[in-house]
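Undergrad: My structure file model.txt, compact mmCIF, C-alpha atoms, is below:
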# COMPACT_ATOMS: atom_id res chain seq x y z
CA ASP A 1 21.70 -36.21 12.31
CA ARG A 2 19.20 -34.21 10.33
CA GLY A 3 17.09 -37.27 9.49
CA LEU A 4 16.49 -38.10 13.14
CA VAL A 5 15.51 -34.51 13.93
CA VAL A 6 13.05 -34.51 11.01
CA ALA A 7 11.68 -37.88 12.16
CA ALA A 8 11.26 -36.54 15.69
CA GLY A 9 9.41 -33.50 14.36
CA GLY A 10 7.14 -35.74 12.32
CA LEU A 11 6.42 -37.90 15.34
CA LEU A 12 5.62 -34.86 17.46
CA LEU A 13 3.27 -33.61 14.76
CA LEU A 14 1.65 -37.06 14.63
CA SER A 15 1.06 -36.95 18.39
CA VAL A 16 -0.74 -33.60 18.06
CA VAL A 17 -2.89 -34.89 15.20
CA MET A 18 -3.72 -38.02 17.20
CA SER A 19 -4.75 -35.88 20.15
CA LEU A 20 -7.00 -33.65 18.07
CA LEU A 21 -8.61 -36.34 15.94
CA LEU A 22 -8.80 -39.29 18.34
CA LEU A 23 -8.56 -38.27 21.98
CA VAL A 24 -10.24 -34.86 22.16
CA PRO A 25 -13.54 -36.02 20.63
CA ILE A 26 -13.82 -38.81 23.21
CA ASN A 27 -12.95 -36.35 26.00
CA ASN A 28 -15.57 -33.90 24.79
CA ARG A 29 -18.27 -36.57 24.71
CA GLY A 30 -17.25 -37.88 28.13
CA LYS A 31 -17.50 -34.43 29.72
CA THR A 32 -21.22 -34.39 29.04
CA TRP A 33 -21.96 -37.79 30.54
CA THR A 34 -23.60 -38.36 33.87
CA PRO A 35 -24.51 -41.74 35.36
CA GLU A 36 -28.04 -41.14 34.07
CA ASN A 37 -27.25 -40.25 30.44
CA ARG A 38 -24.00 -41.99 29.52
CA PRO A 39 -24.21 -44.33 26.52
CA GLU A 40 -24.23 -48.08 26.91
CA ASP A 41 -20.81 -48.34 25.28
CA TRP A 42 -19.16 -45.76 27.54
CA LYS A 43 -16.66 -48.28 28.93
CA GLU A 44 -15.66 -49.25 25.38
CA GLN A 45 -15.15 -45.58 24.54
CA MET A 46 -12.98 -45.09 27.62
CA ASN A 47 -10.97 -48.22 26.75
CA ARG A 48 -10.50 -46.85 23.22
CA TRP A 49 -9.26 -43.58 24.72
CA ASP A 50 -6.76 -45.53 26.84
CA ARG A 51 -5.46 -47.44 23.80
CA TYR A 52 -5.06 -44.26 21.76
CA HIS A 53 -3.32 -42.59 24.70
CA TYR A 54 -0.82 -45.46 25.04
CA VAL A 55 -0.02 -45.26 21.33
CA ARG A 56 0.42 -41.49 21.60
CA VAL A 57 2.79 -41.91 24.55
CA ALA A 58 4.81 -44.46 22.55
CA VAL A 59 5.01 -41.98 19.65
CA LEU A 60 6.20 -39.26 22.03
CA ILE A 61 8.83 -41.56 23.53
CA ALA A 62 10.05 -42.42 20.02
CA ALA A 63 10.27 -38.71 19.20
CA PHE A 64 12.24 -38.01 22.36
CA ALA A 65 14.56 -40.95 21.70
CA SER A 66 15.15 -39.71 18.15
CA LEU A 67 16.07 -36.25 19.40
CA VAL A 68 18.38 -37.59 22.08
CA THR A 69 20.09 -39.82 19.54
CA ALA A 70 20.43 -36.96 17.05
CA LEU A 71 21.92 -34.63 19.64
CA ALA A 72 24.24 -37.15 21.28
Starting from the file, lay out its structure as structure tokens.

TA:
Amino acid sequence: DRGLVVAAGGLLLLSVVMSLLLLVPINNRGKTWTPENRPEDWKEQMNRWDRYHYVRVAVLIAAFASLVTALA
């Protein structure tokens, strides 16, 4: 089904956008931290990264499921 393939493509694109706009900036900040200079909210930032990552994984699973359904 063409609609499911398009939906899967959209979900894959969404996962890339999420990575670039949400996850990469947190990673880049975290790479510069040491125990001496990390911000007070560093645990909150890491927890936010985890939440965004779980949502991204769910989006990727939905994309994969859409493709499998379309091709089955």

Undergrad: Around all the atoms of range 4-20 of chain A listed in the file, draw an axis-aligned box and extend it by 4 Å on each of the six sides; I want its centre and edge lengths in Å to one decimal, as AutoDock Vina command-line options.

TA:
--center_x 4.7 --center_y -35.8 --center_z 15.6 --size_x 31.5 --size_y 12.6 --size_z 17.1

Undergrad: Between A:Gly3, A:Trp49, A:Leu23, A:Gly9, which one has atoms that come closest to Phe64 in chain A, using only C-alpha atoms?

TA: A:Gly9

Undergrad: For Arg48 in chain A, which of A:Ser66, A:Leu22, A:Gly30, A:Leu11 is the closest residue, counting all atoms listed in the file?

TA: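 When distances to Arg48 in chain A are compared using all atoms listed in the file, the smallest one comes from A:Leu22.
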
Undergrad: Using only C-alpha atoms, list the residues that have an atom at most 12 Å from (20.6, -39.2, 21.3), coordinates as in the file, as a PDB file with C-alpha atoms, in the coordinates of the input.

TA:
ATOM      1  CA  ASP A   1      21.700 -36.210  12.310  1.00  0.00           C
ATOM      2  CA  LEU A   4      16.490 -38.100  13.140  1.00  0.00           C
ATOM      3  CA  VAL A   5      15.510 -34.510  13.930  1.00  0.00           C
ATOM      4  CA  ALA A   8      11.260 -36.540  15.690  1.00  0.00           C
ATOM      5  CA  ALA A  62      10.050 -42.420  20.020  1.00  0.00           C
ATOM      6  CA  ALA A  63      10.270 -38.710  19.200  1.00  0.00           C
ATOM      7  CA  PHE A  64      12.240 -38.010  22.360  1.00  0.00           C
ATOM      8  CA  ALA A  65      14.560 -40.950  21.700  1.00  0.00           C
ATOM      9  CA  SER A  66      15.150 -39.710  18.150  1.00  0.00           C
ATOM     10  CA  LEU A  67      16.070 -36.250  19.400  1.00  0.00           C
ATOM     11  CA  VAL A  68      18.380 -37.590  22.080  1.00  0.00           C
ATOM     12  CA  THR A  69      20.090 -39.820  19.540  1.00  0.00           C
ATOM     13  CA  ALA A  70      20.430 -36.960  17.050  1.00  0.00           C
ATOM     14  CA  LEU A  71      21.920 -34.630  19.640  1.00  0.00           C
ATOM     15  CA  ALA A  72      24.240 -37.150  21.280  1.00  0.00           C
TER      16      ALA A  72
END

Undergrad: Counting only C-alpha atoms, which of A:Val6, A:Met46, A:Ile61, A:Val16 gets nearest to Trp33 in chain A?

TA: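 So, comparing all the options, the nearest one is A:Met46.
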
Undergrad: Could you tell me which of A:Asn37, A:Ser15, A:Thr32, A:Asn27 comes closest to Asp50 in chain A if we count all atoms listed in the file?

TA: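 Ranked by minimum distance to Asp50 in chain A, first place goes to A:Asn27.
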
Undergrad: Could you tell me how far CA of His53 in chain A sits from CA of Met18 in chain A, in Å to one decimal place?

TA: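 Computed distance, CA of Met18 in chain A to CA of His53 in chain A, equals 8.8 Å.
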
Undergrad: To one decimal place, how far is CA of Thr34 in chain A from CA of Tyr54 in chain A in Å?

TA: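 Calculated distance between CA of Thr34 in chain A and CA of Tyr54 in chain A is 25.4 Å.
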
Undergrad: Looking at A:Ile26, A:Pro35, A:Gln45, A:Val59, which one is nearest to Gly10 in chain A, with distances taken over only C-alpha atoms?

TA: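 Between A:Ile26, A:Pro35, A:Gln45, A:Val59, the residue approaching Gly10 in chain A most closely is A:Val59.
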